[in-house]
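Text of upload24.cif (mmCIF, C-alpha atoms) as supplied:
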data_protein
#
loop_
_atom_site.label_atom_id
_atom_site.label_comp_id
_atom_site.auth_asym_id
_atom_site.auth_seq_id
_atom_site.Cartn_x
_atom_site.Cartn_y
_atom_site.Cartn_z
CA MET A 1 203.48 96.76 132.37
CA MET A 2 201.04 95.06 130.03
CA SER A 3 200.37 95.48 126.30
CA THR A 4 197.76 93.10 124.95
CA LYS A 5 197.96 91.49 121.52
CA PRO A 6 195.20 90.94 118.93
CA SER A 7 192.63 88.27 119.86
CA HIS A 8 193.11 88.87 123.59
CA THR A 9 189.40 89.58 124.10
CA LEU A 10 188.43 86.52 122.03
CA VAL A 11 190.76 84.34 124.10
CA GLN A 12 189.28 85.69 127.33
CA LEU A 13 185.83 84.73 126.05
CA ALA A 14 187.16 81.31 125.05
CA VAL A 15 188.56 80.77 128.56
CA LEU A 16 185.14 81.48 130.09
CA LEU A 17 183.50 79.17 127.57
CA ALA A 18 186.08 76.45 128.28
CA VAL A 19 185.31 76.66 132.00
CA CYS A 20 181.63 76.17 131.17
CA VAL A 21 182.48 73.18 128.96
CA VAL A 22 184.57 71.55 131.72
CA VAL A 23 181.84 72.09 134.31
CA LEU A 24 179.09 70.91 131.94
CA GLY A 25 181.17 67.86 131.06
CA ALA A 26 181.52 67.00 134.74
CA PHE A 27 177.79 67.55 135.28
CA THR A 28 176.93 65.31 132.32
CA ARG A 29 179.28 62.55 133.45
CA LEU A 30 178.21 62.65 137.12
CA LYS A 31 174.54 62.67 136.15
CA ASP A 32 175.18 59.44 134.18
CA ALA A 33 174.05 61.29 131.06
CA GLY A 34 177.04 60.42 128.88
CA LEU A 35 174.77 58.15 126.83
CA GLY A 36 171.76 60.44 127.12
CA CYS A 37 171.96 60.60 123.32
CA PRO A 38 172.95 57.22 121.84
CA ASP A 39 173.94 58.73 118.48
CA TRP A 40 176.32 61.50 117.39
CA PRO A 41 176.27 64.36 116.51
CA GLY A 42 172.45 64.41 116.77
CA CYS A 43 170.32 63.19 119.64
CA TYR A 44 167.98 60.36 118.60
CA GLY A 45 168.25 61.84 115.12
CA HIS A 46 167.20 65.34 116.28
CA VAL A 47 169.10 68.62 116.40
CA LEU A 48 168.04 68.94 120.05
CA TRP A 49 166.09 65.95 121.40
CA PRO A 50 162.68 64.33 120.77
CA GLU A 51 159.87 66.26 122.43
CA THR A 52 156.47 64.99 121.35
CA SER A 53 155.17 61.54 122.21
CA GLU A 54 155.36 60.58 118.52
CA GLN A 55 158.99 61.67 118.30
CA ILE A 56 159.87 59.79 121.50
CA ALA A 57 158.16 56.63 120.24
CA ALA A 58 160.06 56.86 116.95
CA ALA A 59 163.34 57.49 118.79
CA GLU A 60 162.88 54.45 121.03
CA ALA A 61 161.98 52.32 118.03
CA ALA A 62 165.17 53.44 116.28
CA PHE A 63 167.28 52.84 119.42
CA PRO A 64 165.57 49.98 121.29
CA ASP A 65 168.54 49.51 123.64
CA ALA A 66 168.51 53.17 124.73
CA PRO A 67 165.13 54.30 126.12
CA PHE A 68 164.73 58.08 125.94
CA GLU A 69 165.19 59.96 129.23
CA HIS A 70 164.76 63.71 129.00
CA GLU A 71 166.73 64.39 132.19
CA LYS A 72 169.75 62.70 130.60
CA ALA A 73 169.34 63.89 127.02
CA TRP A 74 169.36 67.63 127.66
CA PRO A 75 172.68 67.78 129.60
CA GLU A 76 174.41 65.86 126.81
CA VAL A 77 172.98 68.15 124.10
CA VAL A 78 173.80 71.34 126.01
CA HIS A 79 177.34 70.10 126.60
CA ARG A 80 177.76 69.32 122.89
CA TYR A 81 176.58 72.77 121.81
CA PHE A 82 178.84 74.56 124.29
CA ALA A 83 181.77 72.41 123.15
CA GLY A 84 180.94 73.10 119.50
CA SER A 85 180.79 76.84 120.18
CA LEU A 86 184.18 76.67 121.88
CA GLY A 87 185.60 74.81 118.90
CA PHE A 88 184.33 77.47 116.50
CA LEU A 89 185.79 80.24 118.68
CA ILE A 90 189.19 78.50 118.77
CA LEU A 91 189.07 78.24 114.96
CA VAL A 92 188.56 82.01 114.77
CA ILE A 93 191.44 82.55 117.22
CA ALA A 94 193.72 80.33 115.12
CA LEU A 95 192.79 82.25 111.95
CA GLN A 96 193.47 85.54 113.71
CA ALA A 97 196.84 84.25 114.89
CA TRP A 98 197.73 83.27 111.33
CA ARG A 99 196.63 86.66 110.05
CA HIS A 100 198.84 88.49 112.59
CA ARG A 101 201.68 85.95 112.53
CA HIS A 102 204.25 88.52 111.37
CA GLN A 103 203.66 90.81 114.35
CA PRO A 104 206.34 90.69 117.08
CA ALA A 105 205.65 88.22 119.91
CA GLN A 106 202.42 86.99 118.28
CA PRO A 107 201.88 83.34 119.31
CA LEU A 108 201.13 81.04 116.39
CA LYS A 109 202.09 77.52 117.40
CA LEU A 110 199.91 77.64 120.52
CA PRO A 111 196.66 78.62 118.68
CA LEU A 112 197.36 75.96 116.03
CA LEU A 113 197.96 73.38 118.77
CA LEU A 114 194.66 74.39 120.35
CA LEU A 115 192.90 73.93 117.03
CA ALA A 116 194.37 70.43 116.65
CA LEU A 117 193.37 69.62 120.23
CA VAL A 118 189.78 70.72 119.59
CA VAL A 119 189.58 68.43 116.56
CA ALA A 120 190.86 65.56 118.73
CA GLN A 121 188.30 66.48 121.39
CA GLY A 122 185.52 66.23 118.83
CA LEU A 123 186.67 62.72 117.97
CA PHE A 124 186.88 61.74 121.63
CA GLY A 125 183.38 63.11 122.16
CA MET A 126 182.10 60.96 119.31
CA TRP A 127 183.96 57.87 120.57
CA THR A 128 182.63 58.44 124.09
CA VAL A 129 179.16 57.73 122.67
CA THR A 130 179.98 55.15 120.00
CA LEU A 131 182.22 53.12 122.33
CA LYS A 132 179.63 53.29 125.13
CA LEU A 133 181.64 55.19 127.77
CA TRP A 134 184.83 53.14 127.43
CA PRO A 135 186.86 54.42 130.46
CA GLN A 136 190.06 55.03 128.49
CA ILE A 137 188.26 57.27 126.00
CA VAL A 138 186.19 59.09 128.63
CA THR A 139 189.31 59.79 130.71
CA LEU A 140 191.19 61.09 127.65
CA HIS A 141 188.17 63.25 126.78
CA LEU A 142 188.19 64.70 130.28
CA LEU A 143 191.93 65.38 130.11
CA GLY A 144 191.44 66.96 126.70
CA GLY A 145 188.96 69.39 128.23
CA PHE A 146 191.39 70.35 130.99
CA SER A 147 194.20 70.65 128.43
CA THR A 148 192.10 72.95 126.23
CA LEU A 149 191.31 75.19 129.19
CA SER A 150 194.96 75.20 130.30
CA LEU A 151 196.33 76.10 126.87
CA LEU A 152 193.73 78.84 126.42
CA TRP A 153 194.74 80.26 129.79
CA LEU A 154 198.41 80.13 128.79
CA LEU A 155 197.54 81.85 125.50
CA LYS A 156 195.71 84.55 127.45
CA LEU A 157 198.78 85.12 129.62
CA ARG A 158 201.03 85.31 126.56
CA LEU A 159 198.74 87.74 124.74
CA GLU A 160 198.74 90.05 127.76
CA ASN A 161 202.50 90.38 127.22
CA ARG A 162 203.07 91.29 130.86
CA GLN A 163 206.51 91.60 132.45
CA TRP A 164 206.62 90.41 136.05
CA PRO A 165 208.95 92.17 138.51
CA THR A 166 211.55 90.16 140.40
CA PRO A 167 213.03 90.97 143.82
CA THR A 168 216.62 92.15 143.43
CA ALA A 169 218.06 89.65 145.92
CA LEU A 170 216.27 86.47 144.95
CA ARG A 171 218.86 83.69 145.01
CA PRO A 172 216.57 80.58 144.94
CA TRP A 173 214.80 81.65 141.74
CA ARG A 174 215.70 78.56 139.72
CA GLU A 175 214.77 76.32 142.64
CA LEU A 176 211.34 77.95 142.80
CA GLN A 177 210.91 77.31 139.08
CA ARG A 178 211.62 73.60 139.62
CA LEU A 179 209.32 73.42 142.65
CA ALA A 180 206.46 75.10 140.79
CA MET A 181 206.88 72.86 137.74
CA LEU A 182 206.84 69.72 139.88
CA GLY A 183 203.71 71.01 141.61
CA LEU A 184 202.05 71.42 138.22
CA VAL A 185 203.01 67.87 137.20
CA LEU A 186 201.68 66.43 140.46
CA VAL A 187 198.34 68.21 140.07
CA LEU A 188 198.06 66.94 136.49
CA CYS A 189 198.68 63.38 137.72
CA GLN A 190 196.05 63.82 140.43
CA ILE A 191 193.52 65.17 137.91
CA THR A 192 194.20 62.11 135.75
CA LEU A 193 193.62 59.86 138.77
CA GLY A 194 190.42 61.74 139.50
CA GLY A 195 189.24 61.20 135.93
CA TRP A 196 190.04 57.48 136.12
CA THR A 197 188.18 57.29 139.46
CA SER A 198 185.12 58.94 137.98
CA THR A 199 185.00 57.03 134.70
CA ASN A 200 185.31 53.70 136.51
CA TYR A 201 182.61 54.65 139.05
CA ALA A 202 185.06 54.29 141.94
CA ALA A 203 184.24 57.52 143.79
CA LEU A 204 182.02 55.67 146.29
CA ALA A 205 184.15 52.52 146.54
CA CYS A 206 185.24 53.77 149.97
CA PRO A 207 182.21 55.31 151.70
CA ASP A 208 183.99 56.07 155.00
CA LEU A 209 186.87 58.22 156.25
CA PRO A 210 189.69 57.94 157.16
CA THR A 211 189.30 54.18 156.69
CA CYS A 212 187.92 52.40 153.63
CA GLN A 213 185.25 49.75 154.07
CA ALA A 214 186.01 50.07 157.83
CA GLN A 215 189.61 48.94 157.18
CA TRP A 216 192.88 50.83 157.05
CA TRP A 217 194.14 48.60 154.22
CA PRO A 218 191.17 46.94 152.49
CA PRO A 219 191.60 44.23 149.81
CA MET A 220 192.65 45.94 146.57
CA ASP A 221 193.22 44.67 143.05
CA PHE A 222 195.56 47.15 141.37
CA ARG A 223 195.99 45.01 138.27
CA SER A 224 192.26 45.14 137.59
CA GLY A 225 191.87 48.75 138.69
CA PHE A 226 194.58 50.08 136.40
CA ASN A 227 194.18 47.72 133.46
CA ILE A 228 194.29 50.29 130.65
CA THR A 229 194.09 47.55 128.00
CA GLN A 230 190.66 46.31 129.08
CA GLU A 231 188.41 45.35 126.20
CA ILE A 232 185.71 47.56 124.74
CA GLY A 233 182.10 47.41 125.82
CA PRO A 234 179.40 46.50 125.29
CA ASN A 235 178.38 49.29 127.69
CA TYR A 236 180.26 50.85 130.60
CA LEU A 237 177.36 52.84 132.05
CA GLY A 238 177.58 52.14 135.78
CA GLY A 239 180.94 50.39 135.35
CA GLN A 240 181.97 46.77 134.91
CA MET A 241 184.91 46.55 137.33
CA ASP A 242 184.77 44.44 140.50
CA GLY A 243 184.81 45.99 143.97
CA GLU A 244 188.47 45.40 144.77
CA GLY A 245 189.55 47.05 141.52
CA ARG A 246 187.49 50.13 142.28
CA ILE A 247 188.84 50.26 145.84
CA ALA A 248 192.38 50.20 144.44
CA ILE A 249 191.56 53.20 142.22
CA HIS A 250 189.87 55.11 145.03
CA MET A 251 192.68 54.51 147.52
CA THR A 252 195.31 55.54 144.97
CA HIS A 253 193.40 58.79 144.43
CA ARG A 254 193.33 59.31 148.21
CA PHE A 255 197.05 58.71 148.57
CA GLY A 256 197.66 61.02 145.63
CA ALA A 257 195.63 63.74 147.34
CA ILE A 258 197.79 63.44 150.46
CA VAL A 259 201.01 63.69 148.44
CA VAL A 260 199.76 66.68 146.42
CA ALA A 261 198.44 68.46 149.53
CA LEU A 262 201.72 68.08 151.42
CA TYR A 263 203.80 69.17 148.45
CA LEU A 264 201.64 72.20 147.66
CA ALA A 265 201.62 73.17 151.34
CA TYR A 266 205.43 73.24 151.19
CA LEU A 267 205.29 75.25 147.96
CA VAL A 268 202.93 77.74 149.62
CA TYR A 269 205.37 78.04 152.52
CA ARG A 270 208.22 78.82 150.14
CA LEU A 271 206.18 81.34 148.17
CA THR A 272 204.91 83.28 151.17
CA ARG A 273 208.34 84.05 152.64
CA ARG A 274 208.70 87.76 153.21
CA GLU A 275 211.75 88.33 151.00
CA LEU A 276 210.01 87.07 147.86
CA GLY A 277 207.81 90.10 147.46
CA PRO A 278 204.02 90.64 147.23
CA GLN A 279 203.50 89.07 143.78
CA LEU A 280 204.70 85.61 144.79
CA ARG A 281 203.13 85.88 148.25
CA SER A 282 199.82 86.56 146.51
CA SER A 283 200.32 83.48 144.32
CA GLY A 284 201.09 81.41 147.42
CA LEU A 285 198.00 82.59 149.26
CA THR A 286 195.83 81.88 146.20
CA LEU A 287 197.23 78.35 146.06
CA ALA A 288 196.55 77.89 149.77
CA VAL A 289 192.89 78.95 149.41
CA LEU A 290 192.30 76.75 146.35
CA LEU A 291 194.05 73.76 147.93
CA THR A 292 191.96 74.08 151.10
CA LEU A 293 188.77 74.37 149.06
CA GLN A 294 189.68 71.35 146.92
CA LEU A 295 190.51 69.15 149.90
CA SER A 296 187.25 70.16 151.60
CA LEU A 297 185.23 69.31 148.50
CA GLY A 298 187.00 65.94 148.13
CA LEU A 299 186.28 65.00 151.74
CA SER A 300 182.68 66.19 151.37
CA ASN A 301 182.21 63.88 148.39
CA VAL A 302 182.93 60.91 150.64
CA TRP A 303 181.10 62.14 153.73
CA TRP A 304 177.92 63.01 151.81
CA SER A 305 178.05 60.17 149.25
CA LEU A 306 178.92 62.20 146.14
CA PRO A 307 176.22 64.89 145.99
CA LEU A 308 176.03 66.20 142.44
CA ALA A 309 176.72 69.87 143.25
CA VAL A 310 179.76 69.04 145.40
CA ALA A 311 181.17 66.59 142.85
CA VAL A 312 180.84 69.15 140.04
CA ALA A 313 182.45 71.80 142.25
CA HIS A 314 185.33 69.37 142.94
CA ASN A 315 185.98 69.16 139.18
CA ALA A 316 185.87 72.94 138.88
CA GLY A 317 188.19 73.26 141.88
CA GLY A 318 190.72 71.01 140.19
CA ALA A 319 190.59 73.22 137.10
CA LEU A 320 191.13 76.40 139.15
CA LEU A 321 194.07 74.85 141.01
CA LEU A 322 195.59 73.86 137.67
CA LEU A 323 195.18 77.40 136.28
CA ALA A 324 196.75 78.89 139.42
CA LEU A 325 199.83 76.69 138.99
CA ILE A 326 200.07 77.52 135.28
CA THR A 327 199.99 81.22 136.20
CA LEU A 328 202.66 80.72 138.85
CA ASN A 329 204.95 78.86 136.44
CA TYR A 330 204.41 81.51 133.79
CA ARG A 331 205.27 84.29 136.23
CA LEU A 332 208.43 82.53 137.40
CA HIS A 333 209.63 81.98 133.83
CA ARG A 334 208.64 85.40 132.49
CA ALA A 335 209.88 87.56 135.35
CA THR A 336 212.91 89.78 134.84
CA ARG A 337 215.84 87.74 136.15
CA PRO A 338 217.93 89.16 139.06
CA TRP A 339 221.21 88.13 137.34
#

Render the structure in this file as structure tokens.
Amino acid sequence: MMSTKPSHTLVQLAVLLAVCVVVLGAFTRLKDAGLGCPDWPGCYGHVLWPETSEQIAAAEAAFPDAPFEHEKAWPEVVHRYFAGSLGFLILVIALQAWRHRHQPAQPLKLPLLLLALVVAQGLFGMWTVTLKLWPQIVTLHLLGGFSTLSLLWLLKLRLENRQWPTPTALRPWRELQRLAMLGLVLVLCQITLGGWTSTNYAALACPDLPTCQAQWWPPMDFRSGFNITQEIGPNYLGGQMDGEGRIAIHMTHRFGAIVVALYLAYLVYRLTRRELGPQLRSSGLTLAVLLTLQLSLGLSNVWWSLPLAVAVAHNAGGALLLLALITLNYRLHRATRPW
């Protein structure tokens, strides 16, 4: 049974827009276009980007340390406009939630939290440019994008107001809730590791599989790789970390992938047991497909030296896996209890 609340259609649109923003953000970052526009919120002082030879000459004179490159400017501008549109839509959703706040079961705190998060994301977007791709800021900006998408998805589920059926003889219900929550936490940690790998240009630190630099345990500098207090700038484009620090990041991401894969495989096994019913079996099979896809994309990134399309798809796959786990947790906590 499902009875949708006001703003449900707007939230659905916002979810689709948030997916686009996450994918465009990954495309911009992986194309090394994060500084395609050296100023903010404009691009070389333009609403879009300089087009004529006179405009380009004036732009390069104004920013002598940032030569204009069209192939890097347009992804950054497109990403900014999509993000701005998403922010405006979330503002409308928050206003709608406030307007209908007295209706039963109308979420209010969640839309307001989303609005605050969007404001923070705007600041992180600005600091990404002004602090010249400082890894801490870029990673937080990436996590902010995933968080915005996740909270919008949760808001969509809440606005649908659906009651999920529960098998009558389901004894391990609370255990499944704990297992699903831990799976969600592990995937969030792995996404964070993936963001740190990307922002420190460590994705190709190990170009071979299953070894790294033709060694099972290559020299690694974890202190350097995970130094979150490193100083700012002057410019992190291409990265400033030494090889052993990047290898430490890459290998940690690999080990994390193994842990997450094994754990989610066990979760899939528990969800697909016959007595749990078709709803949870469907969730388990969805997780299995997304996990297989994500592992394949991760391995392909190494085998084929980080092709742009595969790397962007790997980011999108992480987002889909996250949404699947949020849905699973929501179902387990919203289902009618068997006691």

Output check: residues returned by the PyMOL selection byres ((chain A and resi 310) around 12), as a ChimeraX atom specification: /A:23,26-27,30,293-309,311-317

Distance in Å - atom CA of Gln12 of chain A versus atom CA of His333 of chain A: 21.7 Å

Given all atoms listed in the file as the counted atoms, nearest of A:Thr292, A:Thr199, A:Gln177, A:Gln215 to Ala261 of chain A: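 Using all atoms listed in the file, the shortest distance to Ala261 of chain A belongs to A:Thr292.
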
Spatial neighbours of segment 320-332 of chain A, 8 Å, all atoms listed in the file, chain gap at least 2 places, as a list of chain:residue names: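 Neighbouring residues, sequence-local ones excluded: A:Ser150, A:Trp153, A:Leu154, A:Leu157, A:Trp164, A:Trp173, A:Leu176, A:Gln177, A:Ala180, A:Met181, A:Gly183, A:Leu184, A:Val187, A:Leu188, A:Leu280, A:Ser283, A:Thr286, A:Leu287, A:Leu290, A:Leu291, A:Ala316, A:Gly317, A:Gly318, A:Arg334, A:Ala335.
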
Selection result of the PyMOL selection byres ((chain A and resi 50) around 12) on this file, as a count of residues only: 27

Residues selected by the PyMOL selection byres ((chain A and resi 14-17) around 12), written as JSON, numbers by chain: {"A": [7, 8, 9, 10, 11, 12, 13, 18, 19, 20, 21, 22, 23, 24, 79, 81, 82, 83, 84, 85, 86, 87, 88, 89, 90, 91, 92, 93, 94, 111, 114, 145, 146, 147, 148, 149, 150, 151, 152, 153, 154, 155, 156, 157, 319, 320, 323]}

Listed atoms of segment 50-56 of chain A, axis-aligned box, 6 Å per side: centre and edge lengths to one decimal in Å, as JSON?
{"center_x": 158.9, "center_y": 63.0, "center_z": 120.4, "size_x": 19.5, "size_y": 18.5, "size_z": 16.1}

Separation of atom CA of Pro107 of chain A from atom CA of Leu182 of chain A, in Å and rounded to one decimal: 25.2 Å

Could you give me, as a Markdown table, a per-residue list for segment 171-229 of chain A showing, wherever an atom lies at most 9 Å from an atom of segment 116-135 of chain A, the closest pair of atoms and their distance in Å to one decimal, using all atoms listed in the file and sorting by chain then residue number from low to high?
| residue | atom | partner | partner_atom | distance |
| --- | --- | --- | --- | --- |
| A:Trp196 | CA | A:Pro135 | CA | 7.2 |
| A:Ser198 | CA | A:Pro135 | CA | 8.9 |
| A:Thr199 | CA | A:Pro135 | CA | 5.3 |
| A:Asn200 | CA | A:Pro135 | CA | 6.3 |
| A:Ile228 | CA | A:Pro135 | CA | 8.5 |

Separation of atom CA of Asn227 of chain A from atom CA of His253 of chain A, in Å and rounded to one decimal: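 So the two atoms, atom CA of Asn227 of chain A and atom CA of His253 of chain A, lie 15.6 Å apart.
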
12 Å contact set for Phe255 of chain A, all atoms listed in the file, chain neighbours under 6 positions out, as a ChimeraX atom specification: /A:189-190,193-194,210,217,248-249,261-262

Residue contacts of His250 of chain A (9 Å, all atoms listed in the file) excluding same-chain residues fewer than 6 positions away, as a VMD selection string: chain A and resid 193 to 194 197 202 to 206

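Using only C-alpha atoms, the shortest contact distance between Leu140 of chain A and any of A:Leu108, A:Gln240, A:Ile191, A:Glu175 is found at A:Ile191.
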
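Using only C-alpha atoms, the shortest contact distance between Val138 of chain A and any of A:Gly245, A:Pro218, A:Gly25, A:Pro41 is found at A:Gly25.
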
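Minimum atom-to-atom distances from A:Thr272, A:Thr229, A:Gln96, A:Thr139 to Ala288 of chain A were compared using only C-alpha atoms, and the lowest value belongs to A:Thr272.
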
Protein, DNA and RNA residues within 7 Å of (172.7, 52.0, 126.0), all atoms listed in the file, as a PyMOL selection string: chain A and resi 35+38+65-66+235

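In terms of minimum interatomic distance to Val259 of chain A, A:Leu186 ranks closest within A:Arg162, A:Leu186, A:Phe222, A:Pro278, counting all atoms listed in the file.
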